[in-house]
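Enquirer: If it helps, the file is called coords_18.txt and holds compact mmCIF, C-alpha atoms:
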```txt
# COMPACT_ATOMS: atom_id res chain seq x y z
CA MET A 171 153.69 132.13 158.69
CA LYS A 172 153.62 132.34 154.90
CA ILE A 173 151.63 130.11 152.55
CA LEU A 174 154.04 128.73 149.95
CA THR A 175 151.67 126.54 147.95
CA ALA A 176 147.95 125.78 147.94
CA GLU A 177 146.81 123.44 145.21
CA PHE A 178 144.02 121.03 144.41
CA LEU A 179 145.09 117.38 144.68
CA THR A 180 142.13 115.14 143.95
CA SER A 181 138.46 114.38 144.55
CA ALA A 182 137.34 111.11 146.10
CA THR A 183 134.33 109.14 147.26
CA GLN A 184 136.04 106.16 148.94
CA PRO A 185 139.25 105.36 150.86
CA SER A 186 140.96 103.73 147.87
CA GLN A 187 140.86 107.12 146.15
CA PHE A 188 142.28 109.12 149.08
CA PRO A 189 145.82 110.54 148.72
CA ALA A 190 148.50 108.24 150.09
CA GLY A 191 151.02 109.16 152.76
CA ASP A 192 150.79 110.16 156.40
CA VAL A 193 150.32 113.87 155.75
CA PRO A 194 148.21 115.57 158.47
CA GLU A 195 144.74 116.66 157.33
CA ILE A 196 142.20 119.22 158.49
CA ALA A 197 138.64 118.69 157.26
CA PHE A 198 136.09 121.46 156.73
CA ALA A 199 132.44 120.56 157.27
CA GLY A 200 129.26 122.57 157.15
CA ARG A 201 125.82 122.99 155.71
CA SER A 202 125.67 123.62 152.00
CA ASN A 203 124.82 127.32 152.36
CA VAL A 204 127.30 128.24 155.09
CA GLY A 205 130.03 129.68 152.85
CA LYS A 206 132.56 126.86 153.25
CA SER A 207 134.28 127.23 149.87
CA SER A 208 134.46 131.01 150.24
CA LEU A 209 136.13 130.70 153.64
CA LEU A 210 138.62 128.12 152.34
CA ASN A 211 139.59 130.44 149.50
CA ALA A 212 139.94 133.37 151.88
CA VAL A 213 142.05 131.44 154.39
CA LEU A 214 144.39 130.17 151.68
CA GLY A 215 144.48 133.48 149.83
CA ARG A 216 143.63 131.79 146.54
CA LYS A 217 140.60 132.96 144.57
CA GLY A 218 138.69 130.11 142.99
CA LEU A 219 140.76 127.28 144.50
CA ALA A 220 137.73 125.77 146.23
CA ARG A 221 134.75 125.90 143.91
CA VAL A 222 132.16 128.48 144.92
CA SER A 223 128.69 127.93 143.52
CA GLN A 224 125.47 129.90 143.69
CA THR A 225 123.68 126.56 144.02
CA PRO A 226 124.14 124.98 147.48
CA GLY A 227 125.26 121.38 147.47
CA ARG A 228 127.43 121.37 144.34
CA THR A 229 130.33 119.92 146.36
CA ARG A 230 129.41 116.22 146.27
CA LEU A 231 132.89 114.72 146.71
CA LEU A 232 135.69 114.87 149.25
CA ASN A 233 138.09 117.41 147.76
CA PHE A 234 141.73 117.31 148.90
CA PHE A 235 144.07 120.32 148.77
CA ARG A 236 147.83 120.29 149.39
CA VAL A 237 149.15 123.19 151.47
CA THR A 238 152.74 124.05 152.35
CA THR A 239 153.71 126.88 154.67
CA THR A 240 156.65 128.36 156.49
CA ARG A 241 156.44 128.28 160.25
CA GLY A 242 159.40 130.31 161.46
CA PRO A 243 162.39 128.33 162.78
CA GLN A 244 160.61 125.03 162.17
CA GLY A 245 160.96 125.53 158.43
CA GLN A 246 158.55 124.31 155.77
CA THR A 247 155.61 122.14 156.69
CA GLU A 248 153.04 120.30 154.56
CA PHE A 249 149.44 119.35 155.32
CA ARG A 250 146.12 118.94 153.55
CA PHE A 251 142.77 120.62 153.73
CA VAL A 252 139.77 118.40 152.95
CA ASP A 253 136.53 120.00 151.78
CA LEU A 254 133.69 117.68 152.82
CA PRO A 255 130.34 117.66 150.97
CA GLY A 256 127.91 120.24 152.26
CA TYR A 257 124.81 118.90 153.95
CA GLY A 258 121.45 120.42 154.76
CA TYR A 259 119.81 122.78 152.30
CA ALA A 260 121.25 121.25 149.12
CA LYS A 261 118.68 120.62 146.39
CA VAL A 262 119.81 117.14 145.43
CA SER A 263 118.08 113.81 145.18
CA LYS A 264 117.38 111.65 148.20
CA ALA A 265 119.76 109.03 146.80
CA VAL A 266 122.62 111.56 146.74
CA HIS A 267 121.89 112.61 150.33
CA GLU A 268 121.99 108.98 151.40
CA GLN A 269 125.45 108.61 149.84
CA TRP A 270 126.89 111.65 151.60
CA GLY A 271 126.35 110.42 155.17
CA PRO A 272 128.34 107.16 154.89
CA MET A 273 131.02 108.91 152.81
CA ILE A 274 131.60 111.64 155.40
CA GLU A 275 131.33 109.26 158.35
CA GLY A 276 133.72 106.78 156.75
CA TYR A 277 136.33 109.46 156.19
CA ILE A 278 136.10 110.94 159.68
CA GLN A 279 136.07 107.60 161.48
CA GLY A 280 138.69 105.81 159.40
CA ARG A 281 141.21 108.44 158.30
CA ARG A 282 144.26 108.14 160.57
CA SER A 283 145.87 111.29 159.20
CA LEU A 284 142.86 113.43 160.17
CA ARG A 285 143.93 115.83 162.94
CA GLY A 286 140.82 117.92 163.30
CA ILE A 287 137.54 119.14 161.85
CA VAL A 288 136.57 122.76 161.32
CA VAL A 289 132.78 122.79 161.70
CA LEU A 290 131.24 125.86 160.10
CA THR A 291 127.98 127.37 161.24
CA ASP A 292 126.14 130.51 160.16
CA ILE A 293 126.51 133.09 162.94
CA ARG A 294 122.76 133.76 162.73
CA ARG A 295 121.65 130.20 163.50
CA GLY A 296 122.89 126.97 165.02
CA GLU A 297 121.66 123.63 163.70
CA GLU A 298 121.11 120.30 165.44
CA GLU A 299 123.01 118.54 162.62
CA GLU A 300 126.06 120.61 163.49
CA ARG A 301 125.82 119.79 167.18
CA GLN A 302 125.52 116.08 166.37
CA LEU A 303 128.61 116.23 164.18
CA ILE A 304 130.61 118.06 166.86
CA GLN A 305 129.75 115.58 169.62
CA TRP A 306 130.23 112.54 167.38
CA ALA A 307 133.65 113.71 166.17
CA THR A 308 134.70 114.60 169.70
CA ALA A 309 133.73 111.13 170.91
CA LEU A 310 136.01 109.71 168.21
CA GLY A 311 138.93 111.67 169.66
CA THR A 312 139.06 114.09 166.74
CA GLY A 313 139.86 117.72 167.46
CA VAL A 314 137.01 120.10 166.65
CA LEU A 315 137.07 123.82 165.93
CA VAL A 316 133.71 125.60 165.56
CA VAL A 317 133.72 128.63 163.29
CA ALA A 318 130.79 131.00 162.79
CA THR A 319 130.79 132.40 159.26
CA LYS A 320 129.29 135.59 157.83
CA VAL A 321 129.95 137.73 160.91
CA ASP A 322 129.92 140.76 158.61
CA LYS A 323 126.15 140.24 158.26
CA LEU A 324 125.64 141.44 161.85
CA SER A 325 126.64 144.57 163.73
CA ARG A 326 129.43 144.14 166.29
CA GLY A 327 126.98 144.27 169.18
CA ASN A 328 124.66 141.68 167.64
CA ARG A 329 127.48 139.35 166.67
CA LEU A 330 128.76 139.16 170.25
CA GLU A 331 125.30 138.12 171.44
CA ALA A 332 125.04 135.64 168.57
CA LEU A 333 128.40 134.08 169.42
CA ARG A 334 127.38 133.67 173.07
CA LYS A 335 124.20 131.86 172.02
CA LEU A 336 126.15 129.59 169.68
CA GLU A 337 128.67 128.74 172.39
CA ALA A 338 125.86 127.84 174.78
CA PHE A 339 124.20 125.73 172.09
CA PHE A 340 127.34 123.82 171.07
CA GLY A 341 128.93 123.73 174.52
CA MET A 342 132.29 124.97 173.31
CA PRO A 343 134.05 128.15 172.08
CA VAL A 344 133.05 129.54 168.70
CA LEU A 345 135.32 131.69 166.54
CA GLY A 346 133.59 134.31 164.41
CA CYS A 347 135.02 134.81 160.90
CA SER A 348 134.20 136.50 157.62
CA ALA A 349 135.37 135.39 154.19
CA THR A 350 134.31 138.79 152.85
CA THR A 351 136.31 141.03 155.20
CA GLY A 352 138.98 138.56 156.35
CA GLU A 353 138.04 139.14 159.98
CA SER A 354 139.72 136.66 162.39
CA LYS A 355 141.76 135.04 159.60
CA ASP A 356 144.92 135.07 161.73
CA ALA A 357 143.08 133.63 164.75
CA LEU A 358 141.67 130.88 162.54
CA TRP A 359 145.16 129.97 161.29
CA THR A 360 146.44 129.83 164.88
CA ALA A 361 143.65 127.42 165.82
CA ILE A 362 144.23 125.27 162.72
CA LEU A 363 147.96 124.98 163.43
CA ALA A 364 147.13 123.91 166.99
CA LEU A 365 144.89 121.15 165.62
CA LEU A 366 147.66 120.00 163.28
CA ALA A 367 150.03 119.69 166.22
CA SER A 368 147.62 117.58 168.27
CA PRO A 369 147.67 113.78 167.84
CA ARG A 370 144.37 112.01 167.26
CA ALA A 371 143.11 109.69 169.98
CA ASN A 372 141.61 107.23 167.44
CA LYS A 373 138.78 106.07 169.69
CA ARG A 374 136.32 103.53 168.37
CA VAL A 375 132.69 104.64 168.31
CA THR A 376 130.03 102.52 166.68
CA THR A 377 127.28 105.12 166.83
CA SER A 378 126.56 106.95 163.57
CA MET A 379 126.09 110.68 163.28
CA SER A 380 123.32 110.18 160.76
CA PRO A 381 119.97 111.59 161.93
CA SER A 382 118.30 108.49 160.46
CA SER A 383 120.13 106.20 162.91
CA ASP A 384 120.74 106.10 166.64
CA SER A 385 122.65 109.24 167.51
CA LEU A 386 125.04 110.23 170.25
CA VAL A 387 122.89 113.30 170.74
CA PRO A 388 119.15 113.17 171.47
CA GLN A 389 117.05 114.96 168.88
CA ALA A 390 116.61 118.23 170.73
CA SER A 391 115.08 121.33 169.24
CA ARG A 392 117.56 123.95 167.99
CA PHE A 393 117.55 127.39 169.57
CA SER A 394 115.51 130.08 167.86
CA HIS A 395 117.08 131.47 164.69
CA LEU A 396 118.77 134.77 165.29
CA PRO A 397 117.34 137.59 163.21
CA ASP A 398 119.20 139.31 160.41
CA GLU A 399 119.79 142.99 160.97
CA ASP A 400 116.68 143.80 159.01
CA GLY A 401 114.64 141.69 161.40
CA THR A 402 114.22 138.65 159.14
CA SER A 403 115.60 135.18 159.87
```
Here is the file; what I need is its structure written in the form of structure tokens.
Expert:
Amino acid sequence: MKILTAEFLTSATQPSQFPAGDVPEIAFAGRSNVGKSSLLNAVLGRKGLARVSQTPGRTRLLNFFRVTTTRGPQGQTEFRFVDLPGYGYAKVSKAVHEQWGPMIEGYIQGRRSLRGIVVLTDIRRGEEEERQLIQWATALGTGVLVVATKVDKLSRGNRLEALRKLEAFFGMPVLGCSATTGESKDALWTAILALLASPRANKRVTTSMSPSSDSLVPQASRFSHLPDEDGTS
């Protein structure tokens, strides 16, 4: 497979601003310090396409990117990547945080062209917010791929143990990737193409993923943070 084009389309906060047309979409979600923009740039092979900031939480809109690729005998195909606002550690006002939840939930629950969500997690720690998002999206009938970023921060032996803990925590397979080294880039593309080929079930779920409301997942404590190689968390 060869990437023919990868370009920014538009930013949006509400459905009326979303791109028109029934083009399949893959959304990328993760905490604001997980390296989401860096991974998007690495996967698409385009430096600076998704904005990378030293300040977590700068992505406050839904950002749509148009991607076209070759896929062997099937010829050219078009789809979109959607960069969702980062949640978690962002240093933004309470009012901004309160806007993000409904905006993300509205997109995931109402967007018919959404084929799957790539949920990013730091390989060194799994968060309850991430587990809530995974179970809520799954209940909606949306395909979910869990990707652990920053695997280059751990030795190979430690990363295998970390991936096992993440898989036990999330209850599903976790793919380890690195935007820095490009590790598992091909495996990530294979998984994304599989999501694009899978129809969405479009189930109706009234429960919100927001921690401030009733959740599909009980508020359980997260597992202990895995240490960095220098022993810090």
Enquirer: Hey, can you check how far atom CA of A:Val344 sits from atom CA of A:Gln279?
Expert: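 Going from atom CA of A:Val344 over to atom CA of A:Gln279, I get 23.3 Å.
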Enquirer: Give the answer as one residue: which of A:Thr350, A:Ala212, A:Glu195, A:Glu331 has the shortest atom-to-atom distance to A:Gly313, using only C-alpha atoms?
Expert: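 Looking at the shortest contact to A:Gly313, the residue is A:Glu195.
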Enquirer: Using only C-alpha atoms for the distances, tell me which of A:Pro255, A:Arg216, A:Met171, A:Pro189 is nearest to A:Ser202.
Expert: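 Closest to A:Ser202, using only C-alpha atoms: A:Pro255.
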Enquirer: For A:Ser348, which residue out of A:Ala361, A:Val237, A:Leu209, A:Val289 is the nearest one, using only C-alpha atoms?
Expert: A:Leu209
Enquirer: So, with all atoms listed in the file as the atoms that count, which of A:Leu365, A:Ala349, A:Ala309, A:Leu330 lies closest to A:Lys206?
Expert: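 Among A:Leu365, A:Ala349, A:Ala309, A:Leu330, it is A:Ala349 that comes nearest to A:Lys206.
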